[in-house]
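Undergrad: I am attaching a structure below and will ask some questions about it afterwards.
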Amino acid sequence: MIWSCSHHTDSGKQRWHNEDAVLARPDAGLWAVADGMGGHRNGGLASRLIVDTLGAMTLGSNLDQNQRRVRQLLQQINRRLSQDMTRLAGKPSGPVGSTVVTLLLSADRAICLWAGDSRCYLWRHKQLHLLTRDHSLLQQLIDRGCVDARHAAAHPCAHVLTRAVGAHENLQLDSTAFSVQPGDALLLCSDGLYRELSEAQLASVLELRTTGNPAAQLIQLAMQGPARDNLSAVVITTARG
C-alpha cells in the first residue's frame, strides 16, 4: 500500500491567532492534528509542542511498536503540560492543553489514537464513516439522550471537553485499529472544520480528492461560512503499491 497526503490549516474569519497545529510525515506513516486550548498563547504552545514532539520521533516498521511510542510521548507531553506549561507560557493560571488525533499507517494496517474532539473520518466505497468518538460533555449528553444530535452544534456545552492532552494528570487515549484498502481516503480535522461543514460536504470533497489539494479545498469550503474557529485538515489517500 502506498499513500499520498495534503494538509492545510487556517485561523478562520473571527480569530487572529491559530491554535491548531498539523503534522504530516508520509515517509513515516504518521499524521496528526492538534487543537490548542487555553487562549492563543497557551493553546498554541500546547498544540505546537505535540506536533513538534511527534514530528521528531523515530519510527520503525512495526505498527504496534510505533503506537506504543506515540502513546508514551503523548503521556510525557501531558505531564509537562499539566505540571509546568502554565509557568513556561508566562501565565499565572488558566487551562493549558490541546486535543490530538493521530493516524499511523503501515502496509495495509492503520491505528488512530485521540483525546478530545478532533476527529478521524474514513471515506470508503462512497460512504463516510466517523472513526472517532468525541471526548466532550456534549457527547455524553447525546449518549444519555439529553440532547438531540441534530441540534448539538448549537448547544452551550458544544465545546466543553472531557479529555485533552494537559487537561488532567492522567491522560486517557482512545484508539481504533483497522485495515486500509486501495482507494480509501482518511481525514483528520479539528472541530473548527467539521462544525462548519455537513457530512455531505465532507464527502463531496473526499470523493473528488484526486483533483487539487483536498485539505485546502475543505478549508476553502468552510471559509464560505462564518468560520468562527481555527480550521485544520489532513487528507490521506491510499493506493495499491
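In the C-alpha cells, chains take letters A, B, ... by order of appearance, with residues numbered from 1 within each chain and ligands from 1 in the order shown.
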Among range 23-232 of chain A, which residues does DSSP mark as helix (DSSP H, G or I) when it is run on the backbone? Keep the chain and numbering as in the structure and answer as a PDB file with N, CA, C and O atoms, in the first residue's frame.

TA:
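Written out: out.pdb:
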```pdb
ATOM      1  N   GLY A  39      -6.450  29.860  25.435  1.00  0.00           N
ATOM      2  CA  GLY A  39      -6.031  31.159  24.924  1.00  0.00           C
ATOM      3  C   GLY A  39      -4.947  30.997  23.888  1.00  0.00           C
ATOM      4  O   GLY A  39      -4.225  29.993  23.873  1.00  0.00           O
ATOM      5  N   HIS A  40      -4.793  31.998  23.009  1.00  0.00           N
ATOM      6  CA  HIS A  40      -3.941  31.789  21.842  1.00  0.00           C
ATOM      7  C   HIS A  40      -2.495  31.472  22.206  1.00  0.00           C
ATOM      8  O   HIS A  40      -1.835  30.698  21.525  1.00  0.00           O
ATOM      9  N   ARG A  41      -1.983  32.057  23.284  1.00  0.00           N
ATOM     10  CA  ARG A  41      -0.587  31.779  23.640  1.00  0.00           C
ATOM     11  C   ARG A  41      -0.436  30.377  24.209  1.00  0.00           C
ATOM     12  O   ARG A  41       0.360  29.569  23.729  1.00  0.00           O
ATOM     13  N   ASN A  42      -1.216  30.052  25.235  1.00  0.00           N
ATOM     14  CA  ASN A  42      -1.136  28.729  25.841  1.00  0.00           C
ATOM     15  C   ASN A  42      -1.554  27.634  24.870  1.00  0.00           C
ATOM     16  O   ASN A  42      -0.903  26.596  24.756  1.00  0.00           O
ATOM     17  N   GLY A  43      -2.681  27.843  24.187  1.00  0.00           N
ATOM     18  CA  GLY A  43      -3.166  26.832  23.261  1.00  0.00           C
ATOM     19  C   GLY A  43      -2.202  26.580  22.126  1.00  0.00           C
ATOM     20  O   GLY A  43      -1.963  25.435  21.732  1.00  0.00           O
ATOM     21  N   GLY A  44      -1.627  27.645  21.593  1.00  0.00           N
ATOM     22  CA  GLY A  44      -0.663  27.487  20.515  1.00  0.00           C
ATOM     23  C   GLY A  44       0.588  26.763  20.962  1.00  0.00           C
ATOM     24  O   GLY A  44       1.139  25.942  20.228  1.00  0.00           O
ATOM     25  N   LEU A  45       1.047  27.033  22.179  1.00  0.00           N
ATOM     26  CA  LEU A  45       2.202  26.325  22.717  1.00  0.00           C
ATOM     27  C   LEU A  45       1.910  24.829  22.878  1.00  0.00           C
ATOM     28  O   LEU A  45       2.750  23.988  22.556  1.00  0.00           O
ATOM     29  N   ALA A  46       0.730  24.509  23.370  1.00  0.00           N
ATOM     30  CA  ALA A  46       0.388  23.107  23.620  1.00  0.00           C
ATOM     31  C   ALA A  46       0.292  22.318  22.326  1.00  0.00           C
ATOM     32  O   ALA A  46       0.859  21.228  22.202  1.00  0.00           O
ATOM     33  N   SER A  47      -0.438  22.833  21.348  1.00  0.00           N
ATOM     34  CA  SER A  47      -0.602  22.102  20.088  1.00  0.00           C
ATOM     35  C   SER A  47       0.730  21.988  19.349  1.00  0.00           C
ATOM     36  O   SER A  47       1.041  20.948  18.766  1.00  0.00           O
ATOM     37  N   ARG A  48       1.537  23.048  19.394  1.00  0.00           N
ATOM     38  CA  ARG A  48       2.832  23.012  18.716  1.00  0.00           C
ATOM     39  C   ARG A  48       3.783  22.035  19.402  1.00  0.00           C
ATOM     40  O   ARG A  48       4.555  21.333  18.733  1.00  0.00           O
ATOM     41  N   LEU A  49       3.738  21.956  20.732  1.00  0.00           N
ATOM     42  CA  LEU A  49       4.573  21.001  21.446  1.00  0.00           C
ATOM     43  C   LEU A  49       4.239  19.576  21.024  1.00  0.00           C
ATOM     44  O   LEU A  49       5.136  18.747  20.805  1.00  0.00           O
ATOM     45  N   ILE A  50       2.954  19.267  20.899  1.00  0.00           N
ATOM     46  CA  ILE A  50       2.531  17.929  20.478  1.00  0.00           C
ATOM     47  C   ILE A  50       3.062  17.611  19.086  1.00  0.00           C
ATOM     48  O   ILE A  50       3.684  16.562  18.846  1.00  0.00           O
ATOM     49  N   VAL A  51       2.837  18.518  18.154  1.00  0.00           N
ATOM     50  CA  VAL A  51       3.224  18.271  16.763  1.00  0.00           C
ATOM     51  C   VAL A  51       4.744  18.199  16.620  1.00  0.00           C
ATOM     52  O   VAL A  51       5.273  17.333  15.917  1.00  0.00           O
ATOM     53  N   ASP A  52       5.465  19.097  17.281  1.00  0.00           N
ATOM     54  CA  ASP A  52       6.923  19.087  17.172  1.00  0.00           C
ATOM     55  C   ASP A  52       7.521  17.828  17.785  1.00  0.00           C
ATOM     56  O   ASP A  52       8.484  17.254  17.244  1.00  0.00           O
ATOM     57  N   THR A  53       6.973  17.385  18.912  1.00  0.00           N
ATOM     58  CA  THR A  53       7.499  16.183  19.571  1.00  0.00           C
ATOM     59  C   THR A  53       7.233  14.945  18.729  1.00  0.00           C
ATOM     60  O   THR A  53       8.127  14.111  18.530  1.00  0.00           O
ATOM     61  N   LEU A  54       6.021  14.803  18.231  1.00  0.00           N
ATOM     62  CA  LEU A  54       5.709  13.660  17.372  1.00  0.00           C
ATOM     63  C   LEU A  54       6.506  13.727  16.074  1.00  0.00           C
ATOM     64  O   LEU A  54       6.931  12.704  15.528  1.00  0.00           O
ATOM     65  N   GLY A  55       6.709  14.939  15.574  1.00  0.00           N
ATOM     66  CA  GLY A  55       7.438  15.081  14.323  1.00  0.00           C
ATOM     67  C   GLY A  55       8.897  14.672  14.431  1.00  0.00           C
ATOM     68  O   GLY A  55       9.513  14.286  13.435  1.00  0.00           O
ATOM     69  N   ALA A  56       9.466  14.747  15.637  1.00  0.00           N
ATOM     70  CA  ALA A  56      10.882  14.423  15.823  1.00  0.00           C
ATOM     71  C   ALA A  56      11.112  12.970  16.226  1.00  0.00           C
ATOM     72  O   ALA A  56      12.266  12.534  16.321  1.00  0.00           O
ATOM     73  N   LEU A  63       3.970  -1.473  13.375  1.00  0.00           N
ATOM     74  CA  LEU A  63       2.904  -0.526  13.703  1.00  0.00           C
ATOM     75  C   LEU A  63       2.569  -0.532  15.184  1.00  0.00           C
ATOM     76  O   LEU A  63       2.330   0.532  15.777  1.00  0.00           O
ATOM     77  N   ASP A  64       2.545  -1.687  15.802  1.00  0.00           N
ATOM     78  CA  ASP A  64       2.207  -1.761  17.222  1.00  0.00           C
ATOM     79  C   ASP A  64       3.270  -1.094  18.083  1.00  0.00           C
ATOM     80  O   ASP A  64       2.955  -0.403  19.071  1.00  0.00           O
ATOM     81  N   GLN A  65       4.530  -1.280  17.728  1.00  0.00           N
ATOM     82  CA  GLN A  65       5.592  -0.600  18.463  1.00  0.00           C
ATOM     83  C   GLN A  65       5.509   0.908  18.265  1.00  0.00           C
ATOM     84  O   GLN A  65       5.718   1.688  19.215  1.00  0.00           O
ATOM     85  N   ASN A  66       5.182   1.343  17.053  1.00  0.00           N
ATOM     86  CA  ASN A  66       5.017   2.773  16.795  1.00  0.00           C
ATOM     87  C   ASN A  66       3.886   3.360  17.629  1.00  0.00           C
ATOM     88  O   ASN A  66       3.994   4.473  18.157  1.00  0.00           O
ATOM     89  N   GLN A  67       2.788   2.597  17.748  1.00  0.00           N
ATOM     90  CA  GLN A  67       1.664   3.066  18.556  1.00  0.00           C
ATOM     91  C   GLN A  67       2.081   3.241  20.011  1.00  0.00           C
ATOM     92  O   GLN A  67       1.741   4.258  20.640  1.00  0.00           O
ATOM     93  N   ARG A  68       2.814   2.285  20.528  1.00  0.00           N
ATOM     94  CA  ARG A  68       3.263   2.388  21.924  1.00  0.00           C
ATOM     95  C   ARG A  68       4.167   3.595  22.109  1.00  0.00           C
ATOM     96  O   ARG A  68       4.086   4.294  23.136  1.00  0.00           O
ATOM     97  N   ARG A  69       5.014   3.870  21.129  1.00  0.00           N
ATOM     98  CA  ARG A  69       5.911   5.022  21.225  1.00  0.00           C
ATOM     99  C   ARG A  69       5.116   6.331  21.193  1.00  0.00           C
ATOM    100  O   ARG A  69       5.407   7.254  21.964  1.00  0.00           O
ATOM    101  N   VAL A  70       4.111   6.423  20.341  1.00  0.00           N
ATOM    102  CA  VAL A  70       3.267   7.623  20.290  1.00  0.00           C
ATOM    103  C   VAL A  70       2.552   7.812  21.626  1.00  0.00           C
ATOM    104  O   VAL A  70       2.478   8.926  22.159  1.00  0.00           O
ATOM    105  N   ARG A  71       2.025   6.730  22.177  1.00  0.00           N
ATOM    106  CA  ARG A  71       1.350   6.815  23.475  1.00  0.00           C
ATOM    107  C   ARG A  71       2.311   7.336  24.548  1.00  0.00           C
ATOM    108  O   ARG A  71       1.948   8.195  25.366  1.00  0.00           O
ATOM    109  N   GLN A  72       3.524   6.798  24.575  1.00  0.00           N
ATOM    110  CA  GLN A  72       4.499   7.223  25.573  1.00  0.00           C
ATOM    111  C   GLN A  72       4.811   8.707  25.446  1.00  0.00           C
ATOM    112  O   GLN A  72       4.870   9.429  26.452  1.00  0.00           O
ATOM    113  N   LEU A  73       5.004   9.167  24.219  1.00  0.00           N
ATOM    114  CA  LEU A  73       5.328  10.578  24.011  1.00  0.00           C
ATOM    115  C   LEU A  73       4.166  11.476  24.412  1.00  0.00           C
ATOM    116  O   LEU A  73       4.376  12.539  25.025  1.00  0.00           O
ATOM    117  N   LEU A  74       2.948  11.083  24.085  1.00  0.00           N
ATOM    118  CA  LEU A  74       1.798  11.897  24.469  1.00  0.00           C
ATOM    119  C   LEU A  74       1.621  11.933  25.982  1.00  0.00           C
ATOM    120  O   LEU A  74       1.222  12.960  26.546  1.00  0.00           O
ATOM    121  N   GLN A  75       1.931  10.830  26.655  1.00  0.00           N
ATOM    122  CA  GLN A  75       1.878  10.830  28.113  1.00  0.00           C
ATOM    123  C   GLN A  75       2.931  11.772  28.689  1.00  0.00           C
ATOM    124  O   GLN A  75       2.675  12.504  29.663  1.00  0.00           O
ATOM    125  N   GLN A  76       4.126  11.786  28.094  1.00  0.00           N
ATOM    126  CA  GLN A  76       5.172  12.700  28.546  1.00  0.00           C
ATOM    127  C   GLN A  76       4.759  14.148  28.336  1.00  0.00           C
ATOM    128  O   GLN A  76       4.962  15.006  29.209  1.00  0.00           O
ATOM    129  N   ILE A  77       4.176  14.433  27.189  1.00  0.00           N
ATOM    130  CA  ILE A  77       3.706  15.790  26.915  1.00  0.00           C
ATOM    131  C   ILE A  77       2.609  16.179  27.893  1.00  0.00           C
ATOM    132  O   ILE A  77       2.570  17.314  28.398  1.00  0.00           O
ATOM    133  N   ASN A  78       1.724  15.243  28.181  1.00  0.00           N
ATOM    134  CA  ASN A  78       0.635  15.521  29.123  1.00  0.00           C
ATOM    135  C   ASN A  78       1.191  15.911  30.487  1.00  0.00           C
ATOM    136  O   ASN A  78       0.712  16.868  31.113  1.00  0.00           O
ATOM    137  N   ARG A  79       2.189  15.182  30.960  1.00  0.00           N
ATOM    138  CA  ARG A  79       2.783  15.508  32.266  1.00  0.00           C
ATOM    139  C   ARG A  79       3.422  16.891  32.228  1.00  0.00           C
ATOM    140  O   ARG A  79       3.275  17.672  33.188  1.00  0.00           O
ATOM    141  N   ARG A  80       4.100  17.189  31.151  1.00  0.00           N
ATOM    142  CA  ARG A  80       4.742  18.504  31.057  1.00  0.00           C
ATOM    143  C   ARG A  80       3.708  19.623  31.029  1.00  0.00           C
ATOM    144  O   ARG A  80       3.833  20.623  31.750  1.00  0.00           O
ATOM    145  N   LEU A  81       2.675  19.448  30.238  1.00  0.00           N
ATOM    146  CA  LEU A  81       1.655  20.488  30.154  1.00  0.00           C
ATOM    147  C   LEU A  81       0.910  20.663  31.469  1.00  0.00           C
ATOM    148  O   LEU A  81       0.656  21.784  31.906  1.00  0.00           O
ATOM    149  N   SER A  82       0.556  19.561  32.094  1.00  0.00           N
ATOM    150  CA  SER A  82      -0.223  19.644  33.331  1.00  0.00           C
ATOM    151  C   SER A  82       0.601  20.181  34.498  1.00  0.00           C
ATOM    152  O   SER A  82       0.057  20.725  35.448  1.00  0.00           O
ATOM    153  N   GLN A  83       1.907  20.054  34.434  1.00  0.00           N
ATOM    154  CA  GLN A  83       2.755  20.480  35.558  1.00  0.00           C
ATOM    155  C   GLN A  83       3.342  21.872  35.394  1.00  0.00           C
ATOM    156  O   GLN A  83       3.316  22.677  36.316  1.00  0.00           O
ATOM    157  N   ASP A  84       3.891  22.173  34.198  1.00  0.00           N
ATOM    158  CA  ASP A  84       4.641  23.425  34.148  1.00  0.00           C
ATOM    159  C   ASP A  84       4.441  24.266  32.890  1.00  0.00           C
ATOM    160  O   ASP A  84       5.107  25.280  32.744  1.00  0.00           O
ATOM    161  N   MET A  85       3.533  23.904  31.990  1.00  0.00           N
ATOM    162  CA  MET A  85       3.366  24.728  30.798  1.00  0.00           C
ATOM    163  C   MET A  85       2.785  26.096  31.137  1.00  0.00           C
ATOM    164  O   MET A  85       3.081  27.080  30.472  1.00  0.00           O
ATOM    165  N   THR A  86       1.974  26.176  32.174  1.00  0.00           N
ATOM    166  CA  THR A  86       1.446  27.473  32.585  1.00  0.00           C
ATOM    167  C   THR A  86       2.590  28.422  32.947  1.00  0.00           C
ATOM    168  O   THR A  86       2.609  29.587  32.546  1.00  0.00           O
ATOM    169  N   ARG A  87       3.568  27.913  33.678  1.00  0.00           N
ATOM    170  CA  ARG A  87       4.716  28.751  34.042  1.00  0.00           C
ATOM    171  C   ARG A  87       5.521  29.136  32.805  1.00  0.00           C
ATOM    172  O   ARG A  87       5.910  30.303  32.645  1.00  0.00           O
ATOM    173  N   LEU A  88       5.735  28.177  31.890  1.00  0.00           N
ATOM    174  CA  LEU A  88       6.517  28.469  30.698  1.00  0.00           C
ATOM    175  C   LEU A  88       5.827  29.494  29.814  1.00  0.00           C
ATOM    176  O   LEU A  88       6.473  30.266  29.116  1.00  0.00           O
ATOM    177  N   LEU A 137     -18.418  16.938  26.847  1.00  0.00           N
ATOM    178  CA  LEU A 137     -19.632  16.908  27.651  1.00  0.00           C
ATOM    179  C   LEU A 137     -20.853  16.765  26.761  1.00  0.00           C
ATOM    180  O   LEU A 137     -21.808  16.059  27.104  1.00  0.00           O
ATOM    181  N   LEU A 138     -20.800  17.388  25.597  1.00  0.00           N
ATOM    182  CA  LEU A 138     -21.924  17.289  24.671  1.00  0.00           C
ATOM    183  C   LEU A 138     -22.161  15.852  24.230  1.00  0.00           C
ATOM    184  O   LEU A 138     -23.304  15.389  24.195  1.00  0.00           O
ATOM    185  N   GLN A 139     -21.089  15.128  23.922  1.00  0.00           N
ATOM    186  CA  GLN A 139     -21.242  13.742  23.507  1.00  0.00           C
ATOM    187  C   GLN A 139     -21.847  12.902  24.631  1.00  0.00           C
ATOM    188  O   GLN A 139     -22.675  12.023  24.387  1.00  0.00           O
ATOM    189  N   GLN A 140     -21.451  13.190  25.863  1.00  0.00           N
ATOM    190  CA  GLN A 140     -22.049  12.480  26.998  1.00  0.00           C
ATOM    191  C   GLN A 140     -23.540  12.751  27.098  1.00  0.00           C
ATOM    192  O   GLN A 140     -24.334  11.841  27.363  1.00  0.00           O
ATOM    193  N   LEU A 141     -23.943  14.001  26.873  1.00  0.00           N
ATOM    194  CA  LEU A 141     -25.362  14.360  26.926  1.00  0.00           C
ATOM    195  C   LEU A 141     -26.135  13.695  25.790  1.00  0.00           C
ATOM    196  O   LEU A 141     -27.276  13.260  25.978  1.00  0.00           O
ATOM    197  N   ILE A 142     -25.513  13.595  24.620  1.00  0.00           N
ATOM    198  CA  ILE A 142     -26.158  12.909  23.491  1.00  0.00           C
ATOM    199  C   ILE A 142     -26.334  11.434  23.821  1.00  0.00           C
ATOM    200  O   ILE A 142     -27.397  10.845  23.578  1.00  0.00           O
ATOM    201  N   ASP A 143     -25.289  10.824  24.386  1.00  0.00           N
ATOM    202  CA  ASP A 143     -25.347   9.399  24.730  1.00  0.00           C
ATOM    203  C   ASP A 143     -26.449   9.109  25.743  1.00  0.00           C
ATOM    204  O   ASP A 143     -27.073   8.040  25.719  1.00  0.00           O
ATOM    205  N   ALA A 149     -29.112  15.006  18.747  1.00  0.00           N
ATOM    206  CA  ALA A 149     -27.883  15.135  17.968  1.00  0.00           C
ATOM    207  C   ALA A 149     -28.030  16.128  16.830  1.00  0.00           C
ATOM    208  O   ALA A 149     -27.055  16.771  16.421  1.00  0.00           O
ATOM    209  N   ARG A 150     -29.236  16.301  16.312  1.00  0.00           N
ATOM    210  CA  ARG A 150     -29.441  17.226  15.197  1.00  0.00           C
ATOM    211  C   ARG A 150     -29.220  18.678  15.605  1.00  0.00           C
ATOM    212  O   ARG A 150     -28.904  19.526  14.780  1.00  0.00           O
ATOM    213  N   HIS A 151     -29.395  18.982  16.895  1.00  0.00           N
ATOM    214  CA  HIS A 151     -29.245  20.350  17.375  1.00  0.00           C
ATOM    215  C   HIS A 151     -28.015  20.511  18.276  1.00  0.00           C
ATOM    216  O   HIS A 151     -27.889  21.493  18.981  1.00  0.00           O
ATOM    217  N   ALA A 152     -27.118  19.540  18.213  1.00  0.00           N
ATOM    218  CA  ALA A 152     -25.993  19.517  19.130  1.00  0.00           C
ATOM    219  C   ALA A 152     -25.058  20.704  18.933  1.00  0.00           C
ATOM    220  O   ALA A 152     -24.520  21.243  19.900  1.00  0.00           O
ATOM    221  N   ALA A 153     -24.837  21.111  17.689  1.00  0.00           N
ATOM    222  CA  ALA A 153     -23.847  22.160  17.418  1.00  0.00           C
ATOM    223  C   ALA A 153     -24.185  23.470  18.112  1.00  0.00           C
ATOM    224  O   ALA A 153     -23.290  24.262  18.441  1.00  0.00           O
ATOM    225  N   ALA A 154     -25.487  23.727  18.336  1.00  0.00           N
ATOM    226  CA  ALA A 154     -25.906  24.989  18.957  1.00  0.00           C
ATOM    227  C   ALA A 154     -25.971  24.906  20.483  1.00  0.00           C
ATOM    228  O   ALA A 154     -26.272  25.894  21.138  1.00  0.00           O
ATOM    229  N   ASP A 191     -12.253  20.513  15.295  1.00  0.00           N
ATOM    230  CA  ASP A 191     -13.695  20.745  15.351  1.00  0.00           C
ATOM    231  C   ASP A 191     -14.099  22.003  14.589  1.00  0.00           C
ATOM    232  O   ASP A 191     -15.236  22.122  14.139  1.00  0.00           O
ATOM    233  N   GLY A 192     -13.163  22.923  14.414  1.00  0.00           N
ATOM    234  CA  GLY A 192     -13.477  24.110  13.637  1.00  0.00           C
ATOM    235  C   GLY A 192     -13.890  23.800  12.219  1.00  0.00           C
ATOM    236  O   GLY A 192     -14.695  24.535  11.621  1.00  0.00           O
ATOM    237  N   LEU A 193     -13.376  22.701  11.667  1.00  0.00           N
ATOM    238  CA  LEU A 193     -13.745  22.310  10.302  1.00  0.00           C
ATOM    239  C   LEU A 193     -15.080  21.590  10.274  1.00  0.00           C
ATOM    240  O   LEU A 193     -16.006  21.997   9.559  1.00  0.00           O
ATOM    241  N   TYR A 194     -15.227  20.517  11.049  1.00  0.00           N
ATOM    242  CA  TYR A 194     -16.440  19.716  10.896  1.00  0.00           C
ATOM    243  C   TYR A 194     -17.678  20.404  11.456  1.00  0.00           C
ATOM    244  O   TYR A 194     -18.800  20.048  11.089  1.00  0.00           O
ATOM    245  N   GLU A 199     -21.718  16.405   6.805  1.00  0.00           N
ATOM    246  CA  GLU A 199     -21.048  15.186   6.348  1.00  0.00           C
ATOM    247  C   GLU A 199     -21.125  15.075   4.832  1.00  0.00           C
ATOM    248  O   GLU A 199     -20.198  14.567   4.195  1.00  0.00           O
ATOM    249  N   ALA A 200     -22.207  15.559   4.238  1.00  0.00           N
ATOM    250  CA  ALA A 200     -22.330  15.534   2.784  1.00  0.00           C
ATOM    251  C   ALA A 200     -21.262  16.413   2.136  1.00  0.00           C
ATOM    252  O   ALA A 200     -20.701  16.054   1.088  1.00  0.00           O
ATOM    253  N   GLN A 201     -20.967  17.544   2.737  1.00  0.00           N
ATOM    254  CA  GLN A 201     -19.929  18.430   2.197  1.00  0.00           C
ATOM    255  C   GLN A 201     -18.542  17.807   2.358  1.00  0.00           C
ATOM    256  O   GLN A 201     -17.713  17.900   1.448  1.00  0.00           O
ATOM    257  N   LEU A 202     -18.286  17.204   3.508  1.00  0.00           N
ATOM    258  CA  LEU A 202     -17.022  16.500   3.686  1.00  0.00           C
ATOM    259  C   LEU A 202     -16.864  15.406   2.634  1.00  0.00           C
ATOM    260  O   LEU A 202     -15.808  15.272   1.999  1.00  0.00           O
ATOM    261  N   ALA A 203     -17.918  14.634   2.445  1.00  0.00           N
ATOM    262  CA  ALA A 203     -17.879  13.524   1.500  1.00  0.00           C
ATOM    263  C   ALA A 203     -17.670  14.004   0.072  1.00  0.00           C
ATOM    264  O   ALA A 203     -16.965  13.362  -0.722  1.00  0.00           O
ATOM    265  N   SER A 204     -18.274  15.131  -0.280  1.00  0.00           N
ATOM    266  CA  SER A 204     -18.173  15.620  -1.653  1.00  0.00           C
ATOM    267  C   SER A 204     -16.732  15.939  -2.030  1.00  0.00           C
ATOM    268  O   SER A 204     -16.308  15.698  -3.167  1.00  0.00           O
ATOM    269  N   VAL A 205     -15.969  16.486  -1.082  1.00  0.00           N
ATOM    270  CA  VAL A 205     -14.563  16.794  -1.352  1.00  0.00           C
ATOM    271  C   VAL A 205     -13.722  15.522  -1.368  1.00  0.00           C
ATOM    272  O   VAL A 205     -12.862  15.336  -2.236  1.00  0.00           O
ATOM    273  N   LEU A 206     -13.954  14.617  -0.428  1.00  0.00           N
ATOM    274  CA  LEU A 206     -13.175  13.383  -0.366  1.00  0.00           C
ATOM    275  C   LEU A 206     -13.434  12.494  -1.577  1.00  0.00           C
ATOM    276  O   LEU A 206     -12.532  11.773  -2.023  1.00  0.00           O
ATOM    277  N   GLU A 207     -14.613  12.558  -2.123  1.00  0.00           N
ATOM    278  CA  GLU A 207     -14.925  11.749  -3.302  1.00  0.00           C
ATOM    279  C   GLU A 207     -14.108  12.200  -4.508  1.00  0.00           C
ATOM    280  O   GLU A 207     -13.732  11.389  -5.352  1.00  0.00           O
ATOM    281  N   PRO A 214      -7.136  18.419  -1.604  1.00  0.00           N
ATOM    282  CA  PRO A 214      -8.416  18.260  -0.904  1.00  0.00           C
ATOM    283  C   PRO A 214      -8.457  18.891   0.474  1.00  0.00           C
ATOM    284  O   PRO A 214      -9.504  19.378   0.900  1.00  0.00           O
ATOM    285  N   ALA A 215      -7.341  18.901   1.196  1.00  0.00           N
ATOM    286  CA  ALA A 215      -7.334  19.540   2.519  1.00  0.00           C
ATOM    287  C   ALA A 215      -7.606  21.037   2.385  1.00  0.00           C
ATOM    288  O   ALA A 215      -8.435  21.600   3.120  1.00  0.00           O
ATOM    289  N   ALA A 216      -6.942  21.683   1.449  1.00  0.00           N
ATOM    290  CA  ALA A 216      -7.174  23.113   1.220  1.00  0.00           C
ATOM    291  C   ALA A 216      -8.589  23.363   0.714  1.00  0.00           C
ATOM    292  O   ALA A 216      -9.218  24.368   1.063  1.00  0.00           O
ATOM    293  N   GLN A 217      -9.115  22.456  -0.102  1.00  0.00           N
ATOM    294  CA  GLN A 217     -10.476  22.608  -0.611  1.00  0.00           C
ATOM    295  C   GLN A 217     -11.497  22.550   0.510  1.00  0.00           C
ATOM    296  O   GLN A 217     -12.489  23.291   0.512  1.00  0.00           O
ATOM    297  N   LEU A 218     -11.269  21.671   1.489  1.00  0.00           N
ATOM    298  CA  LEU A 218     -12.164  21.602   2.649  1.00  0.00           C
ATOM    299  C   LEU A 218     -12.134  22.909   3.435  1.00  0.00           C
ATOM    300  O   LEU A 218     -13.179  23.413   3.859  1.00  0.00           O
ATOM    301  N   ILE A 219     -10.938  23.454   3.630  1.00  0.00           N
ATOM    302  CA  ILE A 219     -10.820  24.722   4.354  1.00  0.00           C
ATOM    303  C   ILE A 219     -11.524  25.838   3.584  1.00  0.00           C
ATOM    304  O   ILE A 219     -12.257  26.647   4.171  1.00  0.00           O
ATOM    305  N   GLN A 220     -11.323  25.885   2.281  1.00  0.00           N
ATOM    306  CA  GLN A 220     -11.959  26.918   1.457  1.00  0.00           C
ATOM    307  C   GLN A 220     -13.478  26.815   1.527  1.00  0.00           C
ATOM    308  O   GLN A 220     -14.181  27.832   1.589  1.00  0.00           O
ATOM    309  N   LEU A 221     -13.989  25.593   1.514  1.00  0.00           N
ATOM    310  CA  LEU A 221     -15.430  25.392   1.610  1.00  0.00           C
ATOM    311  C   LEU A 221     -15.950  25.876   2.960  1.00  0.00           C
ATOM    312  O   LEU A 221     -16.995  26.539   3.046  1.00  0.00           O
ATOM    313  N   ALA A 222     -15.239  25.557   4.029  1.00  0.00           N
ATOM    314  CA  ALA A 222     -15.645  26.001   5.361  1.00  0.00           C
ATOM    315  C   ALA A 222     -15.575  27.519   5.497  1.00  0.00           C
ATOM    316  O   ALA A 222     -16.385  28.126   6.204  1.00  0.00           O
TER     317      ALA A 222
END
```

Undergrad: If you run DSSP on the backbone, which residues of range 2-240 of chain A are strand (DSSP E), as a VMD selection string?

TA: chain A and resid 2 to 10 20 to 25 30 to 37 97 to 106 109 to 115 119 to 124 127 to 130 174 to 179 185 to 189 231 to 239

Undergrad: Excluding same-chain residues fewer than 4 positions from Asn213 in chain A, what lies within 9 Å of it counting only C-alpha atoms, as a ChimeraX atom specification?

TA: /A:5-8,209,217-218,235

Undergrad: Write the selection just made, keeping N, CA and C atoms, as a PDB file, in the first residue's frame?

TA:
```
ATOM      1  N   CYS A   5      -0.759  12.552   0.538  1.00  0.00           N
ATOM      2  CA  CYS A   5      -1.489  13.342   1.527  1.00  0.00           C
ATOM      3  C   CYS A   5      -1.429  14.826   1.190  1.00  0.00           C
ATOM      4  N   SER A   6      -2.364  15.549   1.762  1.00  0.00           N
ATOM      5  CA  SER A   6      -2.375  17.008   1.713  1.00  0.00           C
ATOM      6  C   SER A   6      -2.794  17.510   3.081  1.00  0.00           C
ATOM      7  N   HIS A   7      -2.371  18.715   3.426  1.00  0.00           N
ATOM      8  CA  HIS A   7      -2.744  19.266   4.731  1.00  0.00           C
ATOM      9  C   HIS A   7      -2.834  20.782   4.627  1.00  0.00           C
ATOM     10  N   HIS A   8      -3.689  21.346   5.479  1.00  0.00           N
ATOM     11  CA  HIS A   8      -3.880  22.796   5.454  1.00  0.00           C
ATOM     12  C   HIS A   8      -4.490  23.232   6.782  1.00  0.00           C
ATOM     13  N   ARG A 209     -11.085  13.668  -4.370  1.00  0.00           N
ATOM     14  CA  ARG A 209      -9.819  14.025  -3.744  1.00  0.00           C
ATOM     15  C   ARG A 209      -8.629  13.957  -4.687  1.00  0.00           C
ATOM     16  N   GLN A 217      -9.115  22.456  -0.102  1.00  0.00           N
ATOM     17  CA  GLN A 217     -10.476  22.608  -0.611  1.00  0.00           C
ATOM     18  C   GLN A 217     -11.497  22.550   0.510  1.00  0.00           C
ATOM     19  N   LEU A 218     -11.269  21.671   1.489  1.00  0.00           N
ATOM     20  CA  LEU A 218     -12.164  21.602   2.649  1.00  0.00           C
ATOM     21  C   LEU A 218     -12.134  22.909   3.435  1.00  0.00           C
ATOM     22  N   VAL A 235      -5.631  15.141   4.757  1.00  0.00           N
ATOM     23  CA  VAL A 235      -6.288  14.111   3.956  1.00  0.00           C
ATOM     24  C   VAL A 235      -5.238  13.146   3.444  1.00  0.00           C
TER      25      VAL A 235
END
```
